[in-house]
$ cat upload.pdb   # PDB, C-alpha atoms, pLDDT in the B column
MODEL        1
ATOM      1  CA  MET A 121      -5.879  17.248   1.908  1.00 69.00           C
ATOM      2  CA  GLU A 122      -5.196  20.422   3.877  1.00 81.00           C
ATOM      3  CA  ASN A 123      -2.201  19.285   5.939  1.00 91.00           C
ATOM      4  CA  PRO A 124       1.174  18.281   4.540  1.00 96.00           C
ATOM      5  CA  VAL A 125       2.160  14.606   4.709  1.00 97.00           C
ATOM      6  CA  LEU A 126       5.175  12.850   6.223  1.00 97.00           C
ATOM      7  CA  ILE A 127       6.191   9.714   4.297  1.00 98.00           C
ATOM      8  CA  PHE A 128       7.644   6.761   6.184  1.00 97.00           C
ATOM      9  CA  GLY A 129      10.069   5.095   3.769  1.00 97.00           C
ATOM     10  CA  ALA A 130      12.445   6.648   1.244  1.00 96.00           C
ATOM     11  CA  GLY A 131      12.976   3.661  -1.031  1.00 95.00           C
ATOM     12  CA  SER A 132      11.297   3.116  -4.394  1.00 94.00           C
ATOM     13  CA  LEU A 133       7.832   2.896  -2.822  1.00 95.00           C
ATOM     14  CA  GLY A 134       8.434   6.072  -0.840  1.00 96.00           C
ATOM     15  CA  LEU A 135       9.425   7.923  -3.993  1.00 96.00           C
ATOM     16  CA  THR A 136       6.333   6.603  -5.751  1.00 95.00           C
ATOM     17  CA  ALA A 137       4.224   7.966  -2.885  1.00 97.00           C
ATOM     18  CA  LEU A 138       6.077  11.283  -3.083  1.00 97.00           C
ATOM     19  CA  ASP A 139       5.158  11.568  -6.760  1.00 96.00           C
ATOM     20  CA  LEU A 140       1.520  10.631  -6.098  1.00 96.00           C
ATOM     21  CA  PHE A 141       1.077  13.279  -3.426  1.00 97.00           C
ATOM     22  CA  GLN A 142       2.833  15.989  -5.431  1.00 95.00           C
ATOM     23  CA  ARG A 143       0.712  15.215  -8.507  1.00 95.00           C
ATOM     24  CA  ASN A 144      -2.317  15.826  -6.288  1.00 94.00           C
ATOM     25  CA  SER A 145      -0.873  19.140  -5.040  1.00 95.00           C
ATOM     26  CA  VAL A 146      -0.293  17.748  -1.542  1.00 96.00           C
ATOM     27  CA  VAL A 147       2.738  19.209   0.234  1.00 96.00           C
ATOM     28  CA  VAL A 148       5.175  16.546   1.436  1.00 96.00           C
ATOM     29  CA  TYR A 149       6.854  17.655   4.674  1.00 95.00           C
ATOM     30  CA  GLY A 150       9.642  15.106   4.310  1.00 96.00           C
ATOM     31  CA  LEU A 151      10.574  11.428   4.285  1.00 97.00           C
ATOM     32  CA  LEU A 152      11.752   9.211   7.153  1.00 97.00           C
ATOM     33  CA  ASP A 153      13.866   6.091   6.698  1.00 96.00           C
ATOM     34  CA  ASP A 154      15.915   3.859   8.976  1.00 95.00           C
ATOM     35  CA  ASN A 155      18.742   3.683   6.419  1.00 95.00           C
ATOM     36  CA  LYS A 156      21.135   6.329   7.731  1.00 94.00           C
ATOM     37  CA  GLU A 157      22.871   6.538   4.340  1.00 95.00           C
ATOM     38  CA  LEU A 158      19.732   8.195   2.978  1.00 95.00           C
ATOM     39  CA  HIS A 159      19.538  10.868   5.674  1.00 96.00           C
ATOM     40  CA  GLY A 160      20.021  14.343   4.261  1.00 94.00           C
ATOM     41  CA  GLN A 161      19.383  13.284   0.676  1.00 95.00           C
ATOM     42  CA  GLU A 162      16.950  15.417  -1.281  1.00 95.00           C
ATOM     43  CA  PHE A 163      14.428  14.330  -3.882  1.00 95.00           C
ATOM     44  CA  GLY A 164      13.424  17.522  -5.590  1.00 89.00           C
ATOM     45  CA  ALA A 165      12.846  19.878  -2.690  1.00 91.00           C
ATOM     46  CA  VAL A 166      11.943  17.085  -0.231  1.00 96.00           C
ATOM     47  CA  SER A 167      14.548  15.758   2.214  1.00 96.00           C
ATOM     48  CA  VAL A 168      15.042  12.502   4.094  1.00 97.00           C
ATOM     49  CA  LEU A 169      14.844  13.909   7.599  1.00 96.00           C
ATOM     50  CA  GLY A 170      15.690  11.009   9.899  1.00 95.00           C
ATOM     51  CA  GLU A 171      14.575   7.618  11.219  1.00 95.00           C
ATOM     52  CA  THR A 172      11.006   6.362  11.315  1.00 94.00           C
ATOM     53  CA  ASP A 173      10.791   6.362  15.125  1.00 91.00           C
ATOM     54  CA  ASP A 174      12.259   9.843  15.634  1.00 91.00           C
ATOM     55  CA  ASP A 175      10.009  11.488  18.244  1.00 90.00           C
ATOM     56  CA  GLY A 176      10.937  14.928  16.971  1.00 91.00           C
ATOM     57  CA  PHE A 177       9.109  14.213  13.737  1.00 91.00           C
ATOM     58  CA  LEU A 178       6.515  11.767  15.059  1.00 91.00           C
ATOM     59  CA  LYS A 179       5.065  14.450  17.319  1.00 91.00           C
ATOM     60  CA  LEU A 180       4.093  16.440  14.206  1.00 92.00           C
ATOM     61  CA  VAL A 181       1.812  13.640  12.981  1.00 94.00           C
ATOM     62  CA  GLY A 182      -1.804  14.303  13.854  1.00 90.00           C
ATOM     63  CA  ASN A 183      -1.111  17.887  14.849  1.00 83.00           C
ATOM     64  CA  LYS A 184       0.563  19.512  11.873  1.00 88.00           C
ATOM     65  CA  CYS A 185       0.781  16.789   9.251  1.00 94.00           C
ATOM     66  CA  GLU A 186      -0.626  13.478   8.022  1.00 96.00           C
ATOM     67  CA  ALA A 187       1.341  10.232   7.652  1.00 97.00           C
ATOM     68  CA  PHE A 188       1.771   7.643   4.914  1.00 98.00           C
ATOM     69  CA  VAL A 189       3.688   4.361   5.279  1.00 97.00           C
ATOM     70  CA  ALA A 190       5.526   3.465   2.061  1.00 97.00           C
ATOM     71  CA  ILE A 191       7.369   0.284   3.025  1.00 95.00           C
ATOM     72  CA  GLY A 192       7.161  -2.839   0.868  1.00 92.00           C
ATOM     73  CA  ASP A 193       8.050  -5.267   3.687  1.00 93.00           C
ATOM     74  CA  THR A 194       4.688  -6.160   5.248  1.00 94.00           C
ATOM     75  CA  ARG A 195       6.149  -6.810   8.703  1.00 94.00           C
ATOM     76  CA  VAL A 196       7.775  -3.383   8.814  1.00 95.00           C
ATOM     77  CA  ARG A 197       4.652  -1.737   7.408  1.00 96.00           C
ATOM     78  CA  LYS A 198       2.557  -3.333  10.157  1.00 96.00           C
ATOM     79  CA  ARG A 199       5.013  -2.208  12.827  1.00 95.00           C
ATOM     80  CA  LEU A 200       4.945   1.396  11.648  1.00 96.00           C
ATOM     81  CA  VAL A 201       1.160   1.455  11.326  1.00 96.00           C
ATOM     82  CA  LYS A 202       0.920   0.126  14.892  1.00 95.00           C
ATOM     83  CA  LEU A 203       3.330   2.825  16.060  1.00 93.00           C
ATOM     84  CA  LEU A 204       1.219   5.540  14.443  1.00 95.00           C
ATOM     85  CA  ASN A 205      -2.020   4.059  15.799  1.00 94.00           C
ATOM     86  CA  GLU A 206      -0.755   3.709  19.355  1.00 93.00           C
ATOM     87  CA  ARG A 207       1.602   6.653  19.836  1.00 90.00           C
ATOM     88  CA  ARG A 208      -0.084   9.249  17.632  1.00 92.00           C
ATOM     89  CA  LYS A 209      -3.681   7.909  17.542  1.00 93.00           C
ATOM     90  CA  VAL A 210      -3.844   8.386  13.752  1.00 94.00           C
ATOM     91  CA  GLN A 211      -4.415   6.288  10.655  1.00 94.00           C
ATOM     92  CA  PRO A 212      -2.187   6.815   7.596  1.00 97.00           C
ATOM     93  CA  VAL A 213      -3.882   8.506   4.648  1.00 97.00           C
ATOM     94  CA  ASN A 214      -4.335   7.068   1.151  1.00 97.00           C
ATOM     95  CA  ALA A 215      -1.978   7.859  -1.732  1.00 96.00           C
ATOM     96  CA  ILE A 216      -3.933   7.644  -4.987  1.00 97.00           C
ATOM     97  CA  HIS A 217      -2.459   8.548  -8.365  1.00 97.00           C
ATOM     98  CA  ASP A 218      -4.388  11.145 -10.333  1.00 96.00           C
ATOM     99  CA  THR A 219      -4.752   8.718 -13.275  1.00 97.00           C
ATOM    100  CA  ALA A 220      -6.134   5.888 -11.131  1.00 98.00           C
ATOM    101  CA  THR A 221      -9.872   5.182 -11.287  1.00 98.00           C
ATOM    102  CA  VAL A 222     -11.568   4.438  -7.974  1.00 98.00           C
ATOM    103  CA  SER A 223     -15.330   4.030  -8.242  1.00 98.00           C
ATOM    104  CA  THR A 224     -17.436   6.055  -5.864  1.00 97.00           C
ATOM    105  CA  LEU A 225     -19.279   2.776  -5.272  1.00 98.00           C
ATOM    106  CA  ALA A 226     -16.124   0.959  -4.166  1.00 98.00           C
ATOM    107  CA  VAL A 227     -15.124   0.695  -0.503  1.00 98.00           C
ATOM    108  CA  ILE A 228     -11.520   1.556   0.314  1.00 98.00           C
ATOM    109  CA  GLY A 229      -9.853   1.790   3.710  1.00 97.00           C
ATOM    110  CA  HIS A 230      -6.915   3.855   5.032  1.00 96.00           C
ATOM    111  CA  GLY A 231      -3.238   3.895   4.150  1.00 97.00           C
ATOM    112  CA  ASN A 232      -3.495   2.396   0.667  1.00 98.00           C
ATOM    113  CA  LEU A 233      -1.234   3.188  -2.283  1.00 98.00           C
ATOM    114  CA  VAL A 234      -3.084   3.094  -5.612  1.00 98.00           C
ATOM    115  CA  ALA A 235      -0.630   3.671  -8.447  1.00 97.00           C
ATOM    116  CA  ALA A 236      -0.975   5.047 -11.978  1.00 97.00           C
ATOM    117  CA  ARG A 237      -3.890   3.768 -14.090  1.00 98.00           C
ATOM    118  CA  ALA A 238      -4.986   1.239 -11.498  1.00 98.00           C
ATOM    119  CA  VAL A 239      -8.740   0.583 -11.486  1.00 98.00           C
ATOM    120  CA  ILE A 240     -10.985  -0.256  -8.532  1.00 98.00           C
ATOM    121  CA  ASN A 241     -14.440  -0.954  -9.921  1.00 98.00           C
ATOM    122  CA  PRO A 242     -17.923  -0.545  -8.377  1.00 98.00           C
ATOM    123  CA  PHE A 243     -18.652  -2.576  -5.243  1.00 98.00           C
ATOM    124  CA  ALA A 244     -15.066  -3.784  -4.981  1.00 98.00           C
ATOM    125  CA  GLU A 245     -13.652  -3.692  -1.451  1.00 98.00           C
ATOM    126  CA  VAL A 246     -10.064  -2.827  -0.551  1.00 98.00           C
ATOM    127  CA  GLY A 247      -8.959  -2.997   3.077  1.00 98.00           C
ATOM    128  CA  GLN A 248      -6.200  -0.992   4.717  1.00 97.00           C
ATOM    129  CA  HIS A 249      -2.490  -0.492   4.008  1.00 98.00           C
ATOM    130  CA  CYS A 250      -2.565  -2.274   0.631  1.00 98.00           C
ATOM    131  CA  ILE A 251      -0.321  -1.590  -2.339  1.00 98.00           C
ATOM    132  CA  ILE A 252      -2.133  -1.614  -5.693  1.00 98.00           C
ATOM    133  CA  GLN A 253       0.545  -1.228  -8.332  1.00 97.00           C
ATOM    134  CA  ALA A 254       0.304   0.495 -11.727  1.00 97.00           C
ATOM    135  CA  GLY A 255      -2.347  -0.809 -14.100  1.00 98.00           C
ATOM    136  CA  ALA A 256      -3.788  -3.356 -11.680  1.00 98.00           C
ATOM    137  CA  ILE A 257      -7.543  -3.959 -11.904  1.00 98.00           C
ATOM    138  CA  ILE A 258      -9.803  -4.863  -8.989  1.00 98.00           C
ATOM    139  CA  GLU A 259     -13.069  -5.873 -10.617  1.00 98.00           C
ATOM    140  CA  SER A 260     -16.584  -5.403  -9.276  1.00 98.00           C
ATOM    141  CA  ARG A 261     -17.308  -7.247  -5.997  1.00 98.00           C
ATOM    142  CA  ALA A 262     -13.730  -8.464  -5.585  1.00 98.00           C
ATOM    143  CA  LYS A 263     -12.524  -8.222  -1.992  1.00 98.00           C
ATOM    144  CA  VAL A 264      -8.974  -7.361  -0.939  1.00 98.00           C
ATOM    145  CA  SER A 265      -8.078  -7.588   2.744  1.00 98.00           C
ATOM    146  CA  ASP A 266      -5.492  -5.576   4.707  1.00 98.00           C
ATOM    147  CA  TYR A 267      -1.765  -5.472   3.842  1.00 98.00           C
ATOM    148  CA  VAL A 268      -2.172  -7.054   0.403  1.00 98.00           C
ATOM    149  CA  MET A 269       0.218  -6.330  -2.479  1.00 98.00           C
ATOM    150  CA  VAL A 270      -1.275  -6.447  -5.991  1.00 98.00           C
ATOM    151  CA  GLY A 271       1.450  -6.328  -8.641  1.00 97.00           C
ATOM    152  CA  THR A 272       1.653  -4.231 -11.776  1.00 98.00           C
ATOM    153  CA  GLY A 273      -0.935  -5.163 -14.396  1.00 98.00           C
ATOM    154  CA  SER A 274      -2.595  -7.868 -12.317  1.00 98.00           C
ATOM    155  CA  ILE A 275      -6.336  -8.527 -12.582  1.00 98.00           C
ATOM    156  CA  LEU A 276      -8.575  -9.678  -9.758  1.00 98.00           C
ATOM    157  CA  ASN A 277     -11.819 -10.691 -11.423  1.00 98.00           C
ATOM    158  CA  SER A 278     -15.317 -10.311  -9.986  1.00 98.00           C
ATOM    159  CA  ASP A 279     -15.938 -11.964  -6.601  1.00 98.00           C
ATOM    160  CA  ALA A 280     -12.280 -12.921  -6.148  1.00 98.00           C
ATOM    161  CA  VAL A 281     -11.198 -12.773  -2.501  1.00 98.00           C
ATOM    162  CA  VAL A 282      -7.647 -11.994  -1.368  1.00 98.00           C
ATOM    163  CA  GLU A 283      -6.997 -12.443   2.340  1.00 98.00           C
ATOM    164  CA  GLU A 284      -4.674 -10.459   4.598  1.00 98.00           C
ATOM    165  CA  GLY A 285      -0.995 -10.220   3.741  1.00 97.00           C
ATOM    166  CA  ALA A 286      -1.197 -12.042   0.407  1.00 98.00           C
ATOM    167  CA  PHE A 287       1.270 -11.131  -2.359  1.00 98.00           C
ATOM    168  CA  ILE A 288       0.034 -11.036  -5.956  1.00 98.00           C
ATOM    169  CA  GLY A 289       2.964 -10.732  -8.366  1.00 98.00           C
ATOM    170  CA  THR A 290       3.191  -8.786 -11.615  1.00 98.00           C
ATOM    171  CA  GLY A 291       0.771  -9.689 -14.401  1.00 98.00           C
ATOM    172  CA  VAL A 292      -1.289 -12.216 -12.429  1.00 98.00           C
ATOM    173  CA  THR A 293      -4.874 -13.100 -13.372  1.00 98.00           C
ATOM    174  CA  VAL A 294      -7.137 -14.348 -10.599  1.00 98.00           C
ATOM    175  CA  ILE A 295     -10.262 -15.941 -12.062  1.00 98.00           C
ATOM    176  CA  ALA A 296     -13.702 -14.842 -10.834  1.00 98.00           C
ATOM    177  CA  GLY A 297     -14.684 -16.254  -7.467  1.00 97.00           C
ATOM    178  CA  VAL A 298     -11.255 -17.652  -6.555  1.00 98.00           C
ATOM    179  CA  LYS A 299      -9.998 -17.199  -2.981  1.00 98.00           C
ATOM    180  CA  ILE A 300      -6.347 -16.426  -2.167  1.00 98.00           C
ATOM    181  CA  GLY A 301      -5.547 -17.379   1.435  1.00 98.00           C
ATOM    182  CA  LYS A 302      -3.796 -15.326   4.102  1.00 98.00           C
ATOM    183  CA  ASN A 303      -0.094 -14.653   3.392  1.00 98.00           C
ATOM    184  CA  ALA A 304      -0.186 -16.694   0.166  1.00 98.00           C
ATOM    185  CA  ARG A 305       2.193 -15.723  -2.644  1.00 98.00           C
ATOM    186  CA  ILE A 306       1.298 -15.788  -6.348  1.00 98.00           C
ATOM    187  CA  GLY A 307       4.212 -15.766  -8.797  1.00 98.00           C
ATOM    188  CA  ALA A 308       4.419 -13.271 -11.647  1.00 98.00           C
ATOM    189  CA  GLY A 309       2.367 -14.057 -14.732  1.00 98.00           C
ATOM    190  CA  SER A 310       0.331 -16.782 -13.063  1.00 98.00           C
ATOM    191  CA  VAL A 311      -3.292 -17.585 -13.866  1.00 98.00           C
ATOM    192  CA  VAL A 312      -5.069 -18.659 -10.705  1.00 98.00           C
ATOM    193  CA  VAL A 313      -8.059 -20.871 -11.492  1.00 98.00           C
ATOM    194  CA  GLU A 314      -8.652 -22.479  -8.074  1.00 97.00           C
ATOM    195  CA  ASP A 315      -8.438 -21.467  -4.428  1.00 98.00           C
ATOM    196  CA  VAL A 316      -5.000 -21.047  -2.862  1.00 98.00           C
ATOM    197  CA  ILE A 317      -4.593 -22.083   0.777  1.00 98.00           C
ATOM    198  CA  ALA A 318      -3.104 -19.772   3.406  1.00 98.00           C
ATOM    199  CA  GLY A 319       0.675 -19.480   3.272  1.00 97.00           C
ATOM    200  CA  ALA A 320       1.068 -21.337  -0.025  1.00 98.00           C
ATOM    201  CA  THR A 321       3.231 -20.194  -2.938  1.00 98.00           C
ATOM    202  CA  VAL A 322       1.873 -20.927  -6.397  1.00 98.00           C
ATOM    203  CA  PHE A 323       3.121 -20.236  -9.915  1.00 97.00           C
ATOM    204  CA  GLY A 324       2.240 -20.935 -13.537  1.00 97.00           C
ATOM    205  CA  ASN A 325      -0.708 -21.214 -15.938  1.00 96.00           C
ATOM    206  CA  PRO A 326      -2.677 -22.702 -14.378  1.00 96.00           C
ATOM    207  CA  ALA A 327      -1.021 -21.845 -11.061  1.00 95.00           C
ATOM    208  CA  LYS A 328       0.281 -24.823  -9.077  1.00 96.00           C
ATOM    209  CA  LYS A 329       1.822 -25.070  -5.616  1.00 92.00           C
ATOM    210  CA  MET A 330       5.620 -24.845  -5.599  1.00 85.00           C
TER     211      MET A 330
ENDMDL
END

$ encode --input "upload.pdb" --output "structure tokens"
Amino acid sequence: MENPVLIFGAGSLGLTALDLFQRNSVVVYGLLDDNKELHGQEFGAVSVLGETDDDGFLKLVGNKCEAFVAIGDTRVRKRLVKLLNERRKVQPVNAIHDTATVSTLAVIGHGNLVAARAVINPFAEVGQHCIIQAGAIIESRAKVSDYVMVGTGSILNSDAVVEEGAFIGTGVTVIAGVKIGKNARIGAGSVVVEDVIAGATVFGNPAKKM
């Protein structure tokens, strides 16, 4: 990446993104966050410059720097992506840890965070603006839609399908061919052996609706 990057979000996810970019020798211009208490703080040599809708910094995106949205709250992440799409006509870039393995035969969209030692195997598909936490595995031919969170150490087996906005907690196993519906939530440590309907919350081994 030739241009520096501006990170939207200075919480734990923003700092993770900062580390990912720096490990890949990408210059981080700064961080933006709506929490005024963070403004002026420095993380290494990188400062929290202001709020996420500050036109003074937004105008740099697309001209002099790239953007990455590092916000865990899906609603806020969607709002900021929409702002960047509409006002700056840009898509956020990917943040991929240097120890992650992303097959050249996988399909991956824009604005995704792929953390340390995560694996995206051949012919897997990952949409846009997803968060794939450390050690997660997306097996061959699994499909992950936009704005999905896959927790640390979780495994999506072959042909599993995860629809938009779903949350997969830490250490979850989704059995091959199972479908997780839109905005569903899977509790940590669960083993999902059957389809989960949209909006449902399930937990346990085997996972049951709560």

$ atom_distance --input "upload.pdb" --atom1 "atom CA of A:Gln142" --atom2 "atom CA of A:Phe188"
13.3 Å

$ resolve_selection --input "upload.pdb" --expression "the PyMOL selection byres ((chain A and resi 216) around 10)" --output "PyMOL selection string"
chain A and resi 137+140-141+143-144+213-215+217-222+231-238+252

$ resolve_selection --input "upload.pdb" --expression "the PyMOL selection byres ((chain A and resi 289-306) around 7)" --output "ChimeraX atom specification"
/A:270-288,307-323

$ resolve_selection --input "upload.pdb" --expression "the PyMOL selection byres ((chain A and resi 192) around 12)" --output "PyMOL selection string"
chain A and resi 128-134+136-137+189-191+193-198+200+232-233+249-253+267-271+285+287

$ write_last_selection --input "upload.pdb" --atoms "C-alpha atoms" --output "JSON list (two decimals), keeping the file's coordinate frame"
[["chain", "number", "residue", "atom", "x", "y", "z"],
["A", 128, "PHE", "CA", 7.64, 6.76, 6.18],
["A", 129, "GLY", "CA", 10.07, 5.10, 3.77],
["A", 130, "ALA", "CA", 12.44, 6.65, 1.24],
["A", 131, "GLY", "CA", 12.98, 3.66, -1.03],
["A", 132, "SER", "CA", 11.30, 3.12, -4.39],
["A", 133, "LEU", "CA", 7.83, 2.90, -2.82],
["A", 134, "GLY", "CA", 8.43, 6.07, -0.84],
["A", 136, "THR", "CA", 6.33, 6.60, -5.75],
["A", 137, "ALA", "CA", 4.22, 7.97, -2.88],
["A", 189, "VAL", "CA", 3.69, 4.36, 5.28],
["A", 190, "ALA", "CA", 5.53, 3.46, 2.06],
["A", 191, "ILE", "CA", 7.37, 0.28, 3.02],
["A", 193, "ASP", "CA", 8.05, -5.27, 3.69],
["A", 194, "THR", "CA", 4.69, -6.16, 5.25],
["A", 195, "ARG", "CA", 6.15, -6.81, 8.70],
["A", 196, "VAL", "CA", 7.78, -3.38, 8.81],
["A", 197, "ARG", "CA", 4.65, -1.74, 7.41],
["A", 198, "LYS", "CA", 2.56, -3.33, 10.16],
["A", 200, "LEU", "CA", 4.94, 1.40, 11.65],
["A", 232, "ASN", "CA", -3.50, 2.40, 0.67],
["A", 233, "LEU", "CA", -1.23, 3.19, -2.28],
["A", 249, "HIS", "CA", -2.49, -0.49, 4.01],
["A", 250, "CYS", "CA", -2.56, -2.27, 0.63],
["A", 251, "ILE", "CA", -0.32, -1.59, -2.34],
["A", 252, "ILE", "CA", -2.13, -1.61, -5.69],
["A", 253, "GLN", "CA", 0.55, -1.23, -8.33],
["A", 267, "TYR", "CA", -1.76, -5.47, 3.84],
["A", 268, "VAL", "CA", -2.17, -7.05, 0.40],
["A", 269, "MET", "CA", 0.22, -6.33, -2.48],
["A", 270, "VAL", "CA", -1.27, -6.45, -5.99],
["A", 271, "GLY", "CA", 1.45, -6.33, -8.64],
["A", 285, "GLY", "CA", -1.00, -10.22, 3.74],
["A", 287, "PHE", "CA", 1.27, -11.13, -2.36]]

$ axis_aligned_box --input "upload.pdb" --around "stretch 233-246 of chain A" --padding-each-side "6 Å" --output "AutoDock Vina command-line options"
--center_x -9.6 --center_y 0.6 --center_z -7.3 --size_x 30.0 --size_y 20.8 --size_z 25.5

$ atom_distance --input "upload.pdb" --atom1 "atom CA of A:Val181" --atom2 "atom CA of A:Ile240"
28.6 Å

$ closest_residue --input "upload.pdb" --among "A:Ile257, A:Val210, A:Ala262, A:Leu152" --to "A:Ala244" --atoms "all atoms listed in the file"
A:Ala262

$ closest_residue --input "upload.pdb" --among "A:Leu203, A:Val264, A:Met330, A:Ala226" --to "A:Thr172" --atoms "only C-alpha atoms"
A:Leu203
